[in-house]
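J.: Sharing structure.tsv below, TSV, C-alpha atoms:
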```
chain	number	residue	atom	x	y	z
A	1	MET	CA	7.02	0.44	25.64
A	2	CYS	CA	5.87	1.65	22.20
A	3	LEU	CA	8.27	4.59	22.31
A	4	ARG	CA	11.15	2.26	23.13
A	5	LEU	CA	10.21	0.02	20.19
A	6	LEU	CA	10.01	3.00	17.85
A	7	THR	CA	13.40	4.34	18.97
A	8	GLY	CA	15.42	1.65	17.21
A	9	THR	CA	13.55	1.38	13.95
A	10	PRO	CA	10.22	2.40	12.45
A	11	ARG	CA	7.42	-0.09	13.02
A	12	THR	CA	3.95	-0.64	11.66
A	13	ARG	CA	0.82	-0.31	13.74
A	14	LYS	CA	0.38	-4.10	13.62
A	15	GLN	CA	3.93	-4.73	14.85
A	16	LEU	CA	3.32	-2.45	17.84
A	17	ALA	CA	-0.11	-3.99	18.46
A	18	ASP	CA	1.45	-7.45	18.46
A	19	ALA	CA	4.13	-6.32	20.93
A	20	LEU	CA	1.48	-4.87	23.25
A	21	HIS	CA	-0.61	-8.03	22.99
A	22	LYS	CA	2.45	-10.14	23.80
A	23	ARG	CA	2.93	-8.08	26.98
A	24	GLU	CA	-0.73	-8.73	27.81
A	25	ILE	CA	-1.72	-5.07	27.57
A	26	PRO	CA	-5.54	-4.89	27.42
A	27	ASP	CA	-6.85	-4.41	23.87
A	28	GLU	CA	-8.73	-1.19	24.73
A	29	VAL	CA	-5.59	0.39	26.19
A	30	ALA	CA	-3.47	-0.74	23.26
A	31	GLU	CA	-5.99	0.65	20.77
A	32	GLU	CA	-6.08	3.99	22.56
A	33	VAL	CA	-2.28	4.27	22.68
A	34	LEU	CA	-1.85	3.24	19.04
A	35	SER	CA	-4.54	5.65	17.85
A	36	ARG	CA	-2.89	8.49	19.75
A	37	PHE	CA	0.51	7.59	18.27
A	38	GLU	CA	-1.05	7.72	14.78
A	39	GLU	CA	-2.64	11.11	15.50
A	40	VAL	CA	0.67	12.66	16.47
A	41	GLY	CA	2.54	11.00	13.60
A	42	LEU	CA	4.65	8.50	15.52
A	43	ILE	CA	3.03	5.65	13.58
A	44	ASP	CA	2.58	6.09	9.85
A	45	ASP	CA	2.20	2.83	7.93
A	46	GLY	CA	2.22	4.68	4.59
A	47	ALA	CA	5.55	6.34	5.33
A	48	PHE	CA	6.86	3.04	6.68
A	49	ALA	CA	5.88	1.26	3.44
A	50	ASP	CA	7.45	3.97	1.26
A	51	ALA	CA	10.71	3.84	3.21
A	52	TRP	CA	10.69	0.03	3.20
A	53	VAL	CA	10.30	-0.11	-0.59
A	54	GLU	CA	13.05	2.46	-1.13
A	55	SER	CA	15.45	0.76	1.25
A	56	ARG	CA	14.87	-2.88	0.28
A	57	HIS	CA	14.79	-2.24	-3.46
A	58	HIS	CA	18.01	-0.25	-3.51
A	59	GLY	CA	19.74	-2.20	-0.75
A	60	ARG	CA	18.74	-5.78	-1.57
A	61	GLY	CA	17.43	-5.43	-5.11
A	62	LEU	CA	14.00	-6.78	-4.26
A	63	ALA	CA	11.25	-6.55	-6.87
A	64	ARG	CA	7.72	-5.26	-6.33
A	65	ARG	CA	6.28	-8.72	-5.68
A	66	ALA	CA	8.80	-9.54	-2.91
A	67	LEU	CA	8.40	-6.08	-1.37
A	68	ALA	CA	4.62	-6.42	-1.29
A	69	ARG	CA	4.95	-9.84	0.38
A	70	GLU	CA	7.26	-8.43	3.06
A	71	LEU	CA	4.95	-5.49	3.75
A	72	ARG	CA	1.96	-7.84	4.06
A	73	THR	CA	3.80	-9.85	6.72
A	74	LYS	CA	4.39	-6.60	8.61
A	75	GLY	CA	0.67	-5.88	8.63
A	76	VAL	CA	0.59	-2.98	6.19
A	77	ASP	CA	-2.79	-2.37	4.53
A	78	SER	CA	-3.11	-3.53	0.90
A	79	ALA	CA	-3.89	-0.04	-0.42
A	80	LEU	CA	-0.75	1.36	1.24
A	81	ILE	CA	1.29	-1.53	-0.16
A	82	ASP	CA	0.00	-0.88	-3.68
A	83	GLU	CA	0.82	2.80	-3.34
A	84	ALA	CA	4.33	2.13	-2.02
A	85	VAL	CA	5.33	-0.47	-4.62
A	86	SER	CA	3.96	1.71	-7.41
A	87	GLN	CA	7.00	3.94	-6.79
A	88	LEU	CA	8.95	1.36	-8.78
A	89	ASP	CA	8.20	1.17	-12.46
A	90	SER	CA	9.03	-1.77	-14.73
A	91	GLU	CA	12.04	0.00	-16.23
A	92	GLN	CA	13.56	0.67	-12.82
A	93	GLU	CA	12.85	-2.89	-11.74
A	94	GLU	CA	14.48	-4.28	-14.90
A	95	ALA	CA	17.52	-2.04	-14.47
A	96	THR	CA	17.98	-3.38	-10.95
A	97	ALA	CA	17.60	-6.96	-12.25
A	98	ARG	CA	20.35	-6.25	-14.80
A	99	GLU	CA	22.66	-4.95	-12.06
A	100	LEU	CA	22.01	-8.02	-9.92
A	101	VAL	CA	22.72	-10.38	-12.83
A	102	ALA	CA	25.88	-8.48	-13.79
A	103	ARG	CA	27.23	-8.88	-10.24
A	104	LYS	CA	26.35	-12.57	-10.02
A	105	LEU	CA	27.49	-13.37	-13.57
A	106	ARG	CA	31.16	-13.33	-12.62
A	107	SER	CA	30.69	-16.04	-10.01
A	108	THR	CA	29.01	-18.36	-12.54
A	109	ARG	CA	31.81	-18.31	-15.11
A	110	GLY	CA	33.12	-21.78	-15.75
A	111	LEU	CA	29.75	-23.43	-15.16
A	112	ASP	CA	27.76	-24.89	-18.04
A	113	ARG	CA	25.18	-22.54	-19.52
A	114	ASP	CA	22.14	-24.42	-18.14
A	115	LYS	CA	23.49	-24.21	-14.61
A	116	ARG	CA	24.32	-20.52	-15.10
A	117	LEU	CA	20.80	-19.88	-16.36
A	118	ARG	CA	19.24	-21.68	-13.39
A	119	ARG	CA	21.41	-19.88	-10.85
A	120	LEU	CA	20.89	-16.43	-12.31
A	121	ALA	CA	17.16	-16.80	-12.98
A	122	GLY	CA	16.70	-18.47	-9.58
A	123	MET	CA	18.40	-15.56	-7.84
A	124	LEU	CA	16.04	-13.13	-9.56
A	125	ALA	CA	13.01	-15.31	-8.79
A	126	ARG	CA	13.89	-15.36	-5.08
A	127	LYS	CA	13.99	-11.58	-5.17
A	128	GLY	CA	10.49	-11.47	-6.63
A	129	TYR	CA	11.18	-10.76	-10.31
A	130	PRO	CA	8.65	-12.08	-12.84
A	131	GLU	CA	9.82	-15.16	-14.75
A	132	GLY	CA	9.63	-13.52	-18.18
A	133	MET	CA	11.71	-10.54	-17.10
A	134	ALA	CA	14.22	-12.76	-15.31
A	135	LEU	CA	14.77	-14.97	-18.35
A	136	ARG	CA	15.03	-11.97	-20.69
A	137	VAL	CA	17.61	-10.24	-18.49
A	138	VAL	CA	19.65	-13.42	-17.98
A	139	ARG	CA	19.54	-14.24	-21.69
A	140	GLN	CA	20.78	-10.77	-22.63
A	141	ALA	CA	23.57	-10.94	-20.06
A	142	LEU	CA	24.69	-14.36	-21.29
A	143	GLU	CA	24.54	-13.19	-24.93
A	144	GLU	CA	26.72	-10.19	-24.08
A	145	GLU	CA	29.26	-12.67	-22.71
A	146	GLY	CA	29.14	-14.63	-25.95
A	147	GLU	CA	27.05	-17.55	-24.66
A	148	ASP	CA	24.72	-19.28	-27.09
A	149	THR	CA	21.17	-18.68	-25.85
A	150	GLU	CA	19.18	-20.05	-28.78
A	151	PHE	CA	18.24	-22.94	-26.48
A	152	LEU	CA	15.93	-20.47	-24.69
A	153	ASP	CA	13.73	-20.01	-27.74
A	154	GLY	CA	11.73	-23.22	-27.62
A	155	ASP	CA	12.98	-25.57	-24.94
A	156	GLU	CA	10.31	-24.63	-22.42
A	157	GLY	CA	7.99	-27.39	-21.31
A	158	ALA	CA	4.26	-26.92	-20.99
A	159	ASP	CA	4.70	-25.70	-17.42
A	160	GLY	CA	7.27	-23.05	-18.38
A	161	GLN	CA	10.14	-25.06	-16.90
A	162	TYR	CA	13.30	-26.13	-18.69
```
Let's see the structure in the file written out as structure tokens.

T.:
Amino acid sequence: MCLRLLTGTPRTRKQLADALHKREIPDEVAEEVLSRFEEVGLIDDGAFADAWVESRHHGRGLARRALARELRTKGVDSALIDEAVSQLDSEQEEATARELVARKLRSTRGLDRDKRLRRLAGMLARKGYPEGMALRVVRQALEEEGEDTEFLDGDEGADGQY
């Protein structure tokens, strides 16, 4: 059963353990099988996390925070998550944010600037980008288009919302 699950896509130890539990495989048997699979390299949560970060950052543009959240839901250990997301540095993350905004910018033309700001910053927030970085990247993109962004200098409320 574990081999069949691993054939389609890599899985974490927790995902396989959950599948075995769902099939009512006794815990001792499941533990023995999973330990053996780890010994021979068929399960490697560290490699899984590294590949996940690489794939989801480049494919979907997800930031470190969103990637860490996804890996936690897959049962990856916190230390392995930290190691995997540390592959991405702030510069790389910001470059990806700029690319995402540049792609989305075209579809917001014609909207008022506040709505454009909300849509663009919201898209980055959903992908796990920090608020400060998101606003900075969106502001720069809007400025490059000739939008007036002075309204971003002091219009924040006490809670950081506009």

J.: So what do you get for atom CA of A:Thr96 versus atom CA of A:Asp44, distance-wise?

T.: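 Straight-line distance from atom CA of A:Thr96 to atom CA of A:Asp44 works out to 27.6 Å.
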
J.: How big is the axis-aligned box around all listed atoms of stretch 23-34 of chain A once 5 Å goes on each side, and where's its centre, in Å to one decimal, as AutoDock Vina command-line options?

T.:
```
--center_x -2.9 --center_y -2.2 --center_z 23.4 --size_x 21.7 --size_y 23.0 --size_z 18.8
```

J.: With distances taken over only C-alpha atoms, which of A:Cys2, A:Gly8, A:Leu124, A:Arg98 is nearest to A:His21?

T.: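 Selected residue with least distance to A:His21: A:Cys2.
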
J.: Kindly indicate which residue among A:Arg118, A:Lys74, A:Arg23, A:Arg13 lies nearest to A:Ala134, using only C-alpha atoms for the distances.

T.: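 Of A:Arg118, A:Lys74, A:Arg23, A:Arg13, the one nearest A:Ala134 is A:Arg118, counting only C-alpha atoms.
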
J.: Find the residue from A:Lys104, A:His58, A:Lys14, A:Arg139 that sits nearest to A:Leu34; use only C-alpha atoms when measuring.

T.: A:Lys14

J.: Would you mind telling me which residue in A:Leu120, A:Met1, A:Val76, A:Ala17 lies nearest to A:Trp52 when using only C-alpha atoms?

T.: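 Among A:Leu120, A:Met1, A:Val76, A:Ala17, it is A:Val76 that comes nearest to A:Trp52.
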
J.: Measuring atom to atom with all atoms listed in the file, identify which of A:Ala79, A:Val137, A:Leu6, A:Ala102 is nearest to A:Gly41.

T.: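 Closest to A:Gly41 of all the choices is A:Leu6.
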
J.: Looking at A:Glu32, A:Asp18, A:Asp77, A:Glu70, which one is nearest to A:Gly46, with distances taken over all atoms listed in the file?

T.: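 The shortest atom-to-atom distance to A:Gly46 comes from A:Asp77.
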
J.: Work out how far atom CA of A:Arg64 is from atom CA of A:Val85, in Å to one decimal.

T.: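 Taking atom CA of A:Val85 as the start and atom CA of A:Arg64 as the end point, the length is 5.6 Å.
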
J.: In Å, how far is it from atom CA of A:Ala47 to atom CA of A:Lys22?

T.: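 Between these atoms lies a distance of 24.9 Å.
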
J.: Excluding same-chain residues fewer than 4 positions from A:Glu54, what lies within 12 Å of it counting only C-alpha atoms, as a PyMOL selection string?

T.: chain A and resi 47-50+58-64+67+84-88+92-93
